$ cat protein-v6.cif   # mmCIF, C-alpha atoms
data_work
loop_
_atom_site.label_atom_id
_atom_site.label_comp_id
_atom_site.auth_asym_id
_atom_site.auth_seq_id
_atom_site.Cartn_x
_atom_site.Cartn_y
_atom_site.Cartn_z
CA MET A 1459 45.71 9.73 29.25
CA ASN A 1460 47.30 10.08 25.81
CA THR A 1461 50.51 8.21 25.21
CA GLY A 1462 52.88 7.55 22.31
CA LEU A 1463 53.96 9.98 19.63
CA PRO A 1464 52.35 13.40 19.64
CA LYS A 1465 49.51 13.39 17.08
CA VAL A 1466 46.25 14.97 16.03
CA LYS A 1467 43.16 12.72 16.23
CA ILE A 1468 39.86 13.75 14.69
CA ALA A 1469 36.92 11.45 15.28
CA VAL A 1470 34.02 11.53 12.86
CA ILE A 1471 30.73 11.39 14.79
CA GLY A 1472 27.52 10.31 13.07
CA GLY A 1473 23.88 10.62 14.04
CA GLN A 1474 23.95 14.38 14.61
CA LEU A 1475 21.87 15.62 11.69
CA GLY A 1476 18.61 14.02 12.68
CA GLN A 1477 18.36 12.28 9.32
CA VAL A 1478 15.77 9.57 8.94
CA GLN A 1479 16.55 6.03 7.85
CA ASN A 1480 15.21 5.12 4.43
CA SER A 1481 11.69 3.82 4.82
CA GLN A 1482 10.41 0.49 3.54
CA ASP A 1483 7.07 1.85 2.41
CA GLY A 1484 7.48 0.35 -1.07
CA VAL A 1485 8.32 -3.23 -0.08
CA THR A 1486 5.81 -5.34 -1.99
CA GLY A 1487 4.66 -8.94 -2.09
CA MET A 1488 2.73 -10.90 -4.71
CA VAL A 1489 1.19 -14.36 -4.58
CA LEU A 1490 0.71 -15.58 -8.14
CA THR A 1491 -0.32 -18.68 -10.04
CA GLY A 1492 2.79 -20.45 -11.34
CA VAL A 1493 4.71 -23.71 -11.50
CA ALA A 1494 7.92 -25.06 -10.06
CA VAL A 1495 11.05 -25.03 -12.23
CA ALA A 1496 13.55 -27.81 -11.59
CA GLY A 1497 16.66 -26.49 -9.90
CA LYS A 1498 15.25 -22.95 -9.75
CA ALA A 1499 11.86 -21.94 -8.35
CA SER A 1500 9.60 -24.01 -6.12
CA THR A 1501 5.94 -23.43 -5.38
CA ASN A 1502 4.80 -22.24 -1.93
CA THR A 1503 8.25 -20.73 -1.40
CA SER A 1504 9.12 -17.08 -0.79
CA TYR A 1505 11.63 -15.33 -3.03
CA GLN A 1506 12.88 -11.76 -2.90
CA LEU A 1507 13.47 -10.00 -6.20
CA PHE A 1508 15.03 -6.65 -7.03
CA ASN A 1509 14.53 -6.63 -10.80
CA LEU A 1510 13.06 -8.66 -13.63
CA LYS A 1511 16.31 -10.55 -14.17
CA ASP A 1512 16.01 -12.01 -10.69
CA ALA A 1513 12.69 -13.54 -11.76
CA GLU A 1514 14.21 -14.90 -14.95
CA ALA A 1515 16.98 -16.51 -12.91
CA LEU A 1516 14.24 -18.45 -11.08
CA GLY A 1517 12.86 -19.78 -14.36
CA ILE A 1518 10.03 -17.24 -14.50
CA GLU A 1519 10.22 -16.25 -18.16
CA SER A 1520 8.10 -14.44 -20.73
CA THR A 1521 7.16 -17.68 -22.47
CA GLY A 1522 6.33 -21.10 -21.16
CA SER A 1523 4.57 -22.30 -18.03
CA ASN A 1524 5.44 -19.23 -15.95
CA ALA A 1525 4.49 -16.58 -18.50
CA TYR A 1526 1.67 -15.40 -16.24
CA PRO A 1527 3.71 -14.55 -13.13
CA TYR A 1528 6.36 -13.09 -15.43
CA LYS A 1529 3.77 -10.71 -16.87
CA GLN A 1530 2.71 -9.48 -13.43
CA ILE A 1531 6.31 -9.08 -12.25
CA LYS A 1532 7.21 -7.21 -15.44
CA ARG A 1533 4.24 -4.90 -14.96
CA PHE A 1534 5.55 -4.17 -11.46
CA TYR A 1535 9.02 -3.21 -12.69
CA ASP A 1536 7.54 -1.23 -15.57
CA LYS A 1537 6.66 1.33 -12.87
CA ALA A 1538 8.87 0.54 -9.89
CA PRO A 1539 12.60 1.12 -10.49
CA ASN A 1540 15.12 -1.69 -10.40
CA GLY A 1541 16.20 -2.24 -6.81
CA THR A 1542 12.66 -2.02 -5.43
CA PRO A 1543 12.16 -5.08 -3.20
CA LEU A 1544 9.48 -7.49 -4.43
CA TRP A 1545 8.66 -10.68 -2.57
CA ILE A 1546 6.88 -13.35 -4.63
CA MET A 1547 5.39 -16.78 -4.13
CA LEU A 1548 4.21 -19.10 -6.88
CA VAL A 1549 1.23 -21.32 -6.09
CA ALA A 1550 -0.55 -24.09 -7.98
CA THR A 1551 -3.58 -23.47 -10.20
CA THR A 1552 -5.72 -25.20 -7.58
CA VAL A 1553 -5.04 -22.41 -5.07
CA SER A 1554 -7.73 -19.72 -5.10
CA MET A 1555 -7.17 -16.10 -4.13
CA ALA A 1556 -9.29 -16.77 -1.05
CA ASP A 1557 -6.80 -19.53 -0.17
CA MET A 1558 -3.87 -17.22 -0.83
CA ALA A 1559 -5.30 -14.70 1.65
CA ASN A 1560 -6.40 -17.21 4.28
CA LYS A 1561 -4.58 -16.44 7.53
CA ASN A 1562 -4.56 -20.15 8.37
CA GLU A 1563 -2.86 -21.18 5.12
CA ALA A 1564 0.85 -20.94 4.31
CA TYR A 1565 0.57 -18.66 1.27
CA ALA A 1566 0.36 -14.89 1.83
CA LYS A 1567 0.88 -15.44 5.55
CA LYS A 1568 4.10 -17.32 4.89
CA LEU A 1569 5.27 -14.62 2.47
CA ILE A 1570 4.64 -11.89 5.07
CA ASP A 1571 6.42 -13.88 7.76
CA ASP A 1572 9.38 -14.74 5.54
CA ALA A 1573 9.76 -11.03 4.75
CA LYS A 1574 9.77 -10.43 8.53
CA GLY A 1575 6.79 -8.10 8.31
CA ALA A 1576 8.50 -5.65 5.94
CA ILE A 1577 5.84 -5.97 3.22
CA ARG A 1578 3.57 -2.92 3.02
CA LEU A 1579 1.78 -3.75 -0.26
CA LEU A 1580 0.43 -7.17 -1.20
CA GLY A 1581 -1.09 -8.39 -4.46
CA LEU A 1582 -3.11 -11.56 -5.01
CA SER A 1583 -3.80 -12.94 -8.47
CA LYS A 1584 -4.94 -16.33 -9.74
CA LYS A 1585 -4.53 -16.91 -13.46
CA SER A 1586 -7.79 -16.99 -15.36
CA ALA A 1587 -8.99 -20.45 -16.36
CA THR A 1588 -12.17 -22.17 -17.46
CA GLY A 1589 -14.88 -23.23 -15.04
CA VAL A 1590 -15.12 -19.93 -13.13
CA THR A 1591 -18.28 -19.21 -11.16
CA ILE A 1592 -19.42 -15.60 -11.57
CA LYS A 1593 -20.96 -13.78 -8.61
CA ASP A 1594 -21.59 -10.05 -8.33
CA GLY A 1595 -20.20 -9.55 -11.82
CA LEU A 1596 -16.77 -11.07 -11.10
CA ASP A 1597 -15.21 -14.41 -10.27
CA GLU A 1598 -16.80 -15.30 -6.91
CA ASP A 1599 -13.25 -15.80 -5.64
CA VAL A 1600 -12.79 -12.00 -5.59
CA SER A 1601 -15.26 -11.30 -2.77
CA LEU A 1602 -14.11 -14.36 -0.82
CA ALA A 1603 -10.51 -13.15 -1.10
CA GLN A 1604 -11.57 -9.67 0.01
CA ILE A 1605 -13.00 -11.09 3.24
CA ASN A 1606 -9.95 -13.25 3.95
CA ALA A 1607 -7.47 -10.51 3.07
CA GLN A 1608 -8.99 -8.14 5.62
CA GLU A 1609 -8.77 -10.79 8.31
CA LEU A 1610 -5.18 -11.56 7.32
CA VAL A 1611 -4.11 -7.93 7.68
CA LYS A 1612 -5.96 -7.51 10.98
CA SER A 1613 -4.02 -10.46 12.38
CA TYR A 1614 -0.83 -8.38 11.87
CA VAL A 1615 -2.06 -4.94 12.93
CA ASP A 1616 -1.21 -5.38 16.61
CA LYS A 1617 2.29 -6.42 15.55
CA TYR A 1618 2.79 -3.19 13.55
CA LYS A 1619 3.12 -5.23 10.34
CA GLU A 1620 -0.01 -4.06 8.54
CA PHE A 1621 -0.21 -3.77 4.73
CA SER A 1622 -2.60 -2.86 1.93
CA VAL A 1623 -3.91 -5.63 -0.34
CA ILE A 1624 -4.73 -5.38 -4.05
CA ILE A 1625 -7.01 -8.17 -5.29
CA ASP A 1626 -7.33 -9.15 -8.93
CA GLY A 1627 -10.92 -8.27 -9.94
CA LYS A 1628 -10.84 -10.99 -12.56
CA GLU A 1629 -13.43 -12.28 -15.01
CA PHE A 1630 -15.74 -9.24 -15.16
CA ASN A 1631 -18.93 -10.37 -16.90
CA GLY A 1632 -19.40 -7.01 -18.59
CA THR A 1633 -22.56 -6.00 -16.74
CA VAL A 1634 -21.88 -3.01 -14.51
CA GLY A 1635 -25.20 -3.45 -12.74
CA ASP A 1636 -24.06 -6.84 -11.42
CA LEU A 1637 -21.03 -5.47 -9.62
CA ASN A 1638 -20.98 -5.58 -5.83
CA ASN A 1639 -21.01 -2.17 -4.12
CA TYR A 1640 -17.75 -2.20 -2.18
CA ARG A 1641 -18.58 1.25 -0.82
CA GLU A 1642 -20.98 -0.56 1.49
CA SER A 1643 -18.24 -2.85 2.81
CA ASP A 1644 -16.03 -2.44 5.88
CA LYS A 1645 -12.58 -3.54 4.74
CA GLU A 1646 -10.16 -0.64 4.65
CA PHE A 1647 -7.05 -2.71 3.99
CA VAL A 1648 -8.35 -4.15 0.68
CA SER A 1649 -8.82 -2.76 -2.84
CA VAL A 1650 -10.08 -4.40 -6.04
CA LEU A 1651 -8.59 -3.65 -9.48
CA ILE A 1652 -10.63 -4.59 -12.56
CA ALA A 1653 -8.45 -3.29 -15.41
CA ASN A 1654 -5.49 -4.39 -17.48
CA SER A 1655 -3.46 -3.46 -20.54
CA ASP A 1656 -3.74 -6.65 -22.60
CA GLY A 1657 -7.43 -7.51 -22.83
CA SER A 1658 -7.13 -10.60 -20.65
CA LYS A 1659 -9.46 -11.72 -17.85
CA ASN A 1660 -6.91 -10.81 -15.16
CA ALA A 1661 -6.20 -7.36 -13.75
CA ASP A 1662 -2.75 -5.74 -13.98
CA VAL A 1663 -2.14 -6.09 -10.24
CA GLY A 1664 1.61 -5.73 -10.74
CA LEU A 1665 1.22 -2.37 -12.50
CA LEU A 1666 -0.82 -0.86 -9.66
CA LEU A 1667 1.56 -2.25 -7.04
CA GLY A 1668 4.55 -0.89 -8.93
CA THR A 1669 2.93 2.53 -9.09
CA LEU A 1670 2.23 2.55 -5.36
CA ALA A 1671 5.68 1.19 -4.49
CA ASN A 1672 7.36 3.92 -6.53
CA ASP A 1673 5.48 6.73 -4.78
CA PRO A 1674 5.46 8.13 -1.23
CA VAL A 1675 2.59 6.91 0.93
CA GLN A 1676 0.41 10.00 0.47
CA ARG A 1677 0.57 9.98 -3.33
CA SER A 1678 -2.44 8.82 -5.29
CA PRO A 1679 -1.72 6.39 -8.14
CA ALA A 1680 -4.26 8.49 -10.08
CA ARG A 1681 -2.06 11.61 -9.95
CA VAL A 1682 -1.99 12.95 -13.52
CA LYS A 1683 1.17 14.98 -12.94
CA SER A 1684 3.06 11.71 -12.39
CA GLY A 1685 2.58 10.90 -16.07
CA ALA A 1686 0.68 8.31 -18.06
CA LEU A 1687 1.01 4.62 -17.36
CA PRO A 1688 3.49 2.71 -19.56
CA ILE A 1689 0.74 0.99 -21.57
CA ALA A 1690 -0.73 1.41 -25.06
CA LEU A 1691 -4.34 0.41 -24.34
CA ALA A 1692 -6.56 -0.14 -21.32
CA TYR A 1693 -9.28 -2.74 -20.81
CA LEU A 1694 -11.63 -4.03 -18.17
CA THR A 1695 -11.25 -7.67 -17.18
CA ASN A 1696 -13.96 -8.75 -19.61
CA GLY A 1697 -11.56 -8.01 -22.46
CA LYS A 1698 -13.36 -4.86 -23.61
CA LEU A 1699 -11.59 -1.55 -24.16
CA ILE A 1700 -12.15 0.90 -21.34
CA GLU A 1701 -13.54 3.45 -23.81
CA GLU A 1702 -16.52 1.17 -24.48
CA TYR A 1703 -17.62 1.77 -20.88
CA GLU A 1704 -16.99 5.51 -20.71
CA ASP A 1705 -20.61 6.25 -19.83
CA ALA A 1706 -20.30 3.85 -16.88
CA TRP A 1707 -16.98 5.09 -15.49
CA GLU A 1708 -18.69 7.18 -12.85
CA THR A 1709 -20.83 4.25 -11.71
CA ILE A 1710 -17.90 1.80 -11.54
CA HIS A 1711 -15.87 4.31 -9.56
CA ASN A 1712 -18.72 4.98 -7.14
CA LEU A 1713 -18.98 1.23 -6.50
CA GLY A 1714 -15.41 1.28 -5.13
CA TYR A 1715 -13.36 -0.30 -7.93
CA ILE A 1716 -10.02 0.80 -9.35
CA PHE A 1717 -9.64 0.85 -13.12
CA MET A 1718 -7.98 3.02 -15.79
CA ARG A 1719 -9.17 6.03 -17.73
CA SER A 1720 -8.05 8.52 -20.36
CA PHE A 1721 -8.46 12.31 -20.61
CA VAL A 1722 -9.47 14.37 -23.60
CA GLY A 1723 -6.44 16.06 -25.12
CA ARG A 1724 -3.95 14.01 -23.14
CA THR A 1725 -2.15 10.93 -24.40
CA GLY A 1726 -2.17 7.73 -22.40
CA TYR A 1727 -4.03 6.10 -19.52
CA PHE A 1728 -4.17 6.77 -15.78
CA PHE A 1729 -5.55 4.96 -12.76
CA THR A 1730 -8.93 6.36 -11.75
CA ASP A 1731 -8.38 6.59 -8.01
CA ALA A 1732 -7.34 4.39 -5.08
CA PRO A 1733 -10.51 3.42 -3.17
CA THR A 1734 -10.53 0.80 -0.48
CA THR A 1735 -13.53 -1.47 0.04
CA ILE A 1736 -15.13 0.54 2.83
CA LEU A 1737 -17.80 3.20 3.25
CA GLY A 1738 -17.06 6.37 1.34
CA SER A 1739 -17.54 8.36 4.55
CA SER A 1740 -14.71 6.49 6.29
CA ASP A 1741 -11.40 8.22 7.03
CA PHE A 1742 -9.77 5.16 5.47
CA ASN A 1743 -11.65 5.07 2.16
CA ASP A 1744 -8.47 5.41 0.11
CA ILE A 1745 -5.20 3.46 -0.03
CA THR A 1746 -3.26 6.69 0.50
CA ARG A 1747 -5.08 7.45 3.75
CA VAL A 1748 -4.48 3.94 5.06
CA ARG A 1749 -0.80 3.95 4.13
CA THR A 1750 -0.32 7.42 5.64
CA ILE A 1751 -1.95 6.85 9.02
CA TYR A 1752 -0.27 3.49 9.56
CA LYS A 1753 3.13 4.88 8.65
CA ALA A 1754 2.57 7.58 11.29
CA ARG A 1755 1.57 4.83 13.71
CA ARG A 1756 4.77 2.88 13.09
CA ILE A 1757 6.91 5.99 13.55
CA ALA A 1758 5.19 6.84 16.83
CA TYR A 1759 5.63 3.25 17.98
CA ASN A 1760 9.37 3.32 17.27
CA VAL A 1761 9.68 6.45 19.39
CA LEU A 1762 7.53 5.26 22.27
CA VAL A 1763 8.74 1.67 22.56
CA GLN A 1764 12.12 2.89 23.78
CA GLU A 1765 10.32 4.68 26.63
CA LEU A 1766 8.59 1.52 27.82
CA SER A 1767 9.01 0.88 31.58
CA ASP A 1768 11.09 4.03 31.98
CA GLU A 1769 10.64 6.30 35.01
CA VAL A 1770 8.15 9.18 34.90
CA PRO A 1771 9.16 12.08 37.19
CA LEU A 1772 6.31 13.73 39.11
CA GLN A 1773 5.82 17.06 40.82
CA ASP A 1774 4.67 17.45 44.43
CA ASP A 1775 1.02 17.57 43.34
CA GLY A 1776 1.38 14.27 41.46
CA THR A 1777 1.36 15.77 37.98
CA ILE A 1778 4.04 14.94 35.45
CA VAL A 1779 7.09 17.22 35.42
CA PRO A 1780 6.64 19.78 32.57
CA ALA A 1781 10.12 19.10 31.15
CA PHE A 1782 9.23 15.41 30.79
CA VAL A 1783 5.98 16.28 29.00
CA LYS A 1784 7.81 18.54 26.55
CA SER A 1785 10.49 15.96 25.93
CA TYR A 1786 7.92 13.22 25.28
CA GLN A 1787 5.86 15.33 22.92
CA GLY A 1788 8.94 16.70 21.22
CA ALA A 1789 10.32 13.25 20.47
CA ILE A 1790 7.08 12.18 18.75
CA ASP A 1791 6.54 15.46 16.90
CA ASN A 1792 10.13 15.60 15.67
CA ALA A 1793 10.07 12.01 14.41
CA LEU A 1794 6.87 12.61 12.45
CA ALA A 1795 8.16 15.93 11.14
CA LEU A 1796 11.42 14.45 9.89
CA ALA A 1797 9.99 11.26 8.43
CA MET A 1798 6.70 12.55 7.01
CA THR A 1799 6.02 16.30 7.16
CA ALA A 1800 9.39 17.19 5.64
CA ASN A 1801 8.68 14.78 2.77
CA GLY A 1802 5.21 16.14 2.09
CA GLU A 1803 3.51 12.95 3.26
CA ILE A 1804 1.45 14.82 5.85
CA SER A 1805 0.78 18.50 6.42
CA ASP A 1806 1.63 18.43 10.12
CA ALA A 1807 1.28 16.40 13.31
CA LYS A 1808 0.96 17.27 16.97
CA SER A 1809 1.06 15.07 20.07
CA ASN A 1810 -0.40 15.76 23.49
CA LEU A 1811 0.58 14.21 26.83
CA PRO A 1812 -1.73 15.46 29.62
CA ALA A 1813 0.33 16.26 32.72
CA SER A 1814 -2.51 15.51 35.13
CA GLN A 1815 -2.95 11.76 34.85
CA ASN A 1816 -2.68 9.10 37.54
CA VAL A 1817 0.61 7.46 36.59
CA LEU A 1818 1.21 6.18 40.13
CA GLY A 1819 -2.11 4.38 40.30
CA THR A 1820 -2.23 3.02 36.76
CA ASN A 1821 1.42 2.59 35.74
CA ALA A 1822 0.27 3.88 32.39
CA LEU A 1823 0.77 6.96 30.25
CA SER A 1824 -1.98 8.20 27.94
CA ALA A 1825 -1.26 10.46 24.99
CA SER A 1826 -2.88 11.47 21.75
CA ILE A 1827 -1.44 12.22 18.31
CA SER A 1828 -3.28 14.28 15.71
CA VAL A 1829 -2.14 13.98 12.09
CA LEU A 1830 -3.14 16.58 9.51
CA PRO A 1831 -3.02 14.79 6.15
CA VAL A 1832 -2.52 16.40 2.76
CA GLY A 1833 -5.58 17.24 0.71
CA TYR A 1834 -6.29 16.10 -2.85
CA ALA A 1835 -7.55 18.10 -5.82
CA LYS A 1836 -9.83 15.27 -6.95
CA TYR A 1837 -12.43 17.74 -8.15
CA ILE A 1838 -11.58 21.06 -9.80
CA ASN A 1839 -14.57 23.34 -10.31
CA VAL A 1840 -14.23 26.43 -12.51
CA GLU A 1841 -16.75 28.97 -13.77
CA LEU A 1842 -16.11 29.93 -17.39
CA SER A 1843 -18.01 32.62 -19.26
CA PHE A 1844 -17.75 35.50 -21.72
CA ALA A 1845 -17.28 39.00 -20.30
CA VAL A 1846 -17.77 42.48 -21.74
CA SER A 1847 -14.73 43.66 -19.82
CA LEU A 1848 -11.80 42.11 -17.95
CA ASN A 1849 -11.48 45.00 -15.52
#

$ encode --input "protein-v6.cif" --output "structure tokens"
Amino acid sequence: MNTGLPKVKIAVIGGQLGQVQNSQDGVTGMVLTGVAVAGKASTNTSYQLFNLKDAEALGIESTGSNAYPYKQIKRFYDKAPNGTPLWIMLVATTVSMADMANKNEAYAKKLIDDAKGAIRLLGLSKKSATGVTIKDGLDEDVSLAQINAQELVKSYVDKYKEFSVIIDGKEFNGTVGDLNNYRESDKEFVSVLIANSDGSKNADVGLLLGTLANDPVQRSPARVKSGALPIALAYLTNGKLIEEYEDAWETIHNLGYIFMRSFVGRTGYFFTDAPTTILGSSDFNDITRVRTIYKARRIAYNVLVQELSDEVPLQDDGTIVPAFVKSYQGAIDNALALAMTANGEISDAKSNLPASQNVLGTNALSASISVLPVGYAKYINVELSFAVSLN
């Protein structure tokens, strides 16, 4: 009952437009070789940055003992806009990339946990130094890190905290024939970058991560329409200009590595593609496919978890009430449509909940979700010829 002075009250009600909360698809982490700075940064400690100045405030500067992590962080923010979350951890020179990725060590695992599972992209890079053992054309640490990184991600998959890992394909020996064929591997959460913009022995992991973080999950970092990378020159991690290996670009790509390339008549450099270290025939042979399907998985989970242990109404014949089926499917389809289809991240999605399943006997519901991804114009074939007439 209203009391007091006569008045008009208008309540503003939110949550009616079906808008989707901003995603965290671009939250990134990097584990990098660095040193502690008294009163500022410590090693083996997680820090969240939002711009390059945040790194400088930690004593990570362009010159001095932390010039290497500074370079990688700067590369990240050369592509990702200020405000993009970046979690970093500095580790000693004695820590290998395989150690960084080890699920039993407090490096990448600690960073992921400290970020509460929000990280969707992870980079691992150990600063080049003397005494490296070369195996399969790169520092042997690369392949060891690839194995550990896959196991690290898999340990989070059941927790809906999966992420894609970019490993520094450091110390390329210059012989393409020595490179391991990652298209014969089975690790869809891992990619190896073997290019940089400064002629060093380390890859520009930060630049690739910044490109991915700045784009929606379905977008290839190789997309030419997005514009050239903010670099003047491109190299492989043996210090040689990428142009010196132009005849081998096709081979390097087919082996499953990410690097940079140029195009005739177009200024600048572009990433070649976004392969993961898995069979080329796999549905998950590209970072974009992995990011897309697991985003859809997380969205479906957020819809379905609120239905856990709820009642399922049945008809006299034991089948699920049609209205319940429609409601269930509608909730999933609408969530995917709003969060992904409307943003061009997928072409469409459709869920299916069979009405005739034994819910009483199993206390379980079974459903399927089909996601139609976007396609990619990776190959454009045109027939060009003279003609005697254009009619």

$ resolve_selection --input "protein-v6.cif" --expression "the PyMOL selection byres ((chain A and resi 1515-1528) around 7)" --output "list in words"
Leu1490, Thr1491, Gly1492, Val1493, Val1495, Lys1498, Ala1499, Lys1511, Asp1512, Ala1513, Glu1514, Lys1529, Gln1530, Ile1531, Lys1532 and Lys1585 of chain A

$ resolve_selection --input "protein-v6.cif" --expression "the PyMOL selection byres ((chain A and resi 1732) around 12)" --output "ChimeraX atom specification"
/A:1622-1624,1646-1651,1666-1667,1669-1670,1675-1681,1711-1712,1714-1718,1728-1731,1733-1736,1738,1742-1749,1834,1836

$ residues_around --input "protein-v6.cif" --residues "A:Ile1652" --least-positions-apart "5" --cutoff "8 Å" --atoms "all atoms listed in the file" --output "number ranges by chain"
A: 1626-1628, 1630, 1660-1661, 1694-1695, 1715-1717

$ atom_distance --input "protein-v6.cif" --atom1 "atom CA of A:Asn1816" --atom2 "atom CA of A:Asp1616"
25.5 Å

$ closest_residue --input "protein-v6.cif" --among "A:Ser1586, A:Gly1668, A:Arg1641, A:Ser1504" --to "A:Thr1542" --atoms "all atoms listed in the file"
A:Gly1668

$ resolve_selection --input "protein-v6.cif" --expression "the PyMOL selection byres ((chain A and resi 1588) around 12)" --output "count of residues only"
11

$ atom_distance --input "protein-v6.cif" --atom1 "atom CA of A:Leu1665" --atom2 "atom CA of A:Val1549"
20.0 Å

$ closest_residue --input "protein-v6.cif" --among "A:Lys1537, A:Leu1602, A:Gln1764, A:Leu1842" --to "A:Ser1684" --atoms "all atoms listed in the file"
A:Lys1537

$ atom_distance --input "protein-v6.cif" --atom1 "atom CA of A:Ile1790" --atom2 "atom CA of A:Asp1775"
25.9 Å

$ residues_near_point --input "protein-v6.cif" --point "(-23.9, -3.9, -9.1)" --cutoff "10 Å" --atoms "all atoms listed in the file" --output "JSON, numbers by chain"
{"A": [1594, 1595, 1633, 1634, 1635, 1636, 1637, 1638, 1639, 1640, 1709, 1710, 1713]}

$ residues_around --input "protein-v6.cif" --residues "A:Leu1823" --least-positions-apart "3" --cutoff "10 Å" --atoms "all atoms listed in the file" --output "MDAnalysis selection string"
chainID A and resid 1766 1770 1811:1813 1815:1818 1820

$ closest_residue --input "protein-v6.cif" --among "A:Asn1821, A:Gly1726, A:Arg1755, A:Ile1700" --to "A:Gly1685" --atoms "only C-alpha atoms"
A:Gly1726

$ build_atoms --input "protein-v6.cif" --residues "stretch 1761-1778 of chain A" --atoms "N, CA and C atoms" --output "PDB file, in the frame of the given file"
ATOM      1  N   VAL A1761       9.264   5.468  18.396  1.00  0.00           N
ATOM      2  CA  VAL A1761       9.680   6.450  19.390  1.00  0.00           C
ATOM      3  C   VAL A1761       9.301   5.997  20.788  1.00  0.00           C
ATOM      4  N   LEU A1762       8.069   5.542  20.941  1.00  0.00           N
ATOM      5  CA  LEU A1762       7.530   5.260  22.270  1.00  0.00           C
ATOM      6  C   LEU A1762       8.020   3.937  22.862  1.00  0.00           C
ATOM      7  N   VAL A1763       8.348   2.971  22.016  1.00  0.00           N
ATOM      8  CA  VAL A1763       8.740   1.670  22.560  1.00  0.00           C
ATOM      9  C   VAL A1763      10.024   1.774  23.372  1.00  0.00           C
ATOM     10  N   GLN A1764      10.878   2.739  23.024  1.00  0.00           N
ATOM     11  CA  GLN A1764      12.120   2.890  23.780  1.00  0.00           C
ATOM     12  C   GLN A1764      11.883   3.545  25.144  1.00  0.00           C
ATOM     13  N   GLU A1765      10.677   4.084  25.342  1.00  0.00           N
ATOM     14  CA  GLU A1765      10.320   4.680  26.630  1.00  0.00           C
ATOM     15  C   GLU A1765       9.609   3.701  27.550  1.00  0.00           C
ATOM     16  N   LEU A1766       9.360   2.491  27.049  1.00  0.00           N
ATOM     17  CA  LEU A1766       8.590   1.520  27.820  1.00  0.00           C
ATOM     18  C   LEU A1766       9.278   1.162  29.128  1.00  0.00           C
ATOM     19  N   SER A1767       8.541   1.211  30.223  1.00  0.00           N
ATOM     20  CA  SER A1767       9.010   0.880  31.580  1.00  0.00           C
ATOM     21  C   SER A1767      10.036   1.862  32.124  1.00  0.00           C
ATOM     22  N   ASP A1768      10.182   3.001  31.468  1.00  0.00           N
ATOM     23  CA  ASP A1768      11.090   4.030  31.980  1.00  0.00           C
ATOM     24  C   ASP A1768      10.397   4.813  33.107  1.00  0.00           C
ATOM     25  N   GLU A1769      11.193   5.539  33.900  1.00  0.00           N
ATOM     26  CA  GLU A1769      10.640   6.300  35.010  1.00  0.00           C
ATOM     27  C   GLU A1769       9.926   7.558  34.494  1.00  0.00           C
ATOM     28  N   VAL A1770       8.889   7.951  35.209  1.00  0.00           N
ATOM     29  CA  VAL A1770       8.150   9.180  34.900  1.00  0.00           C
ATOM     30  C   VAL A1770       8.242  10.098  36.115  1.00  0.00           C
ATOM     31  N   PRO A1771       9.003  11.188  36.034  1.00  0.00           N
ATOM     32  CA  PRO A1771       9.160  12.080  37.190  1.00  0.00           C
ATOM     33  C   PRO A1771       7.878  12.887  37.441  1.00  0.00           C
ATOM     34  N   LEU A1772       7.538  13.031  38.719  1.00  0.00           N
ATOM     35  CA  LEU A1772       6.310  13.730  39.110  1.00  0.00           C
ATOM     36  C   LEU A1772       6.621  14.934  39.982  1.00  0.00           C
ATOM     37  N   GLN A1773       5.730  15.897  39.935  1.00  0.00           N
ATOM     38  CA  GLN A1773       5.820  17.060  40.820  1.00  0.00           C
ATOM     39  C   GLN A1773       5.151  16.730  42.156  1.00  0.00           C
ATOM     40  N   ASP A1774       5.243  17.672  43.107  1.00  0.00           N
ATOM     41  CA  ASP A1774       4.670  17.450  44.430  1.00  0.00           C
ATOM     42  C   ASP A1774       3.174  17.192  44.406  1.00  0.00           C
ATOM     43  N   ASP A1775       2.471  17.761  43.414  1.00  0.00           N
ATOM     44  CA  ASP A1775       1.020  17.570  43.340  1.00  0.00           C
ATOM     45  C   ASP A1775       0.643  16.313  42.552  1.00  0.00           C
ATOM     46  N   GLY A1776       1.642  15.517  42.160  1.00  0.00           N
ATOM     47  CA  GLY A1776       1.380  14.270  41.460  1.00  0.00           C
ATOM     48  C   GLY A1776       1.300  14.378  39.958  1.00  0.00           C
ATOM     49  N   THR A1777       1.385  15.602  39.435  1.00  0.00           N
ATOM     50  CA  THR A1777       1.360  15.770  37.980  1.00  0.00           C
ATOM     51  C   THR A1777       2.752  15.523  37.393  1.00  0.00           C
ATOM     52  N   ILE A1778       2.769  15.244  36.122  1.00  0.00           N
ATOM     53  CA  ILE A1778       4.040  14.940  35.450  1.00  0.00           C
ATOM     54  C   ILE A1778       4.872  16.207  35.304  1.00  0.00           C
TER      55      ILE A1778
END
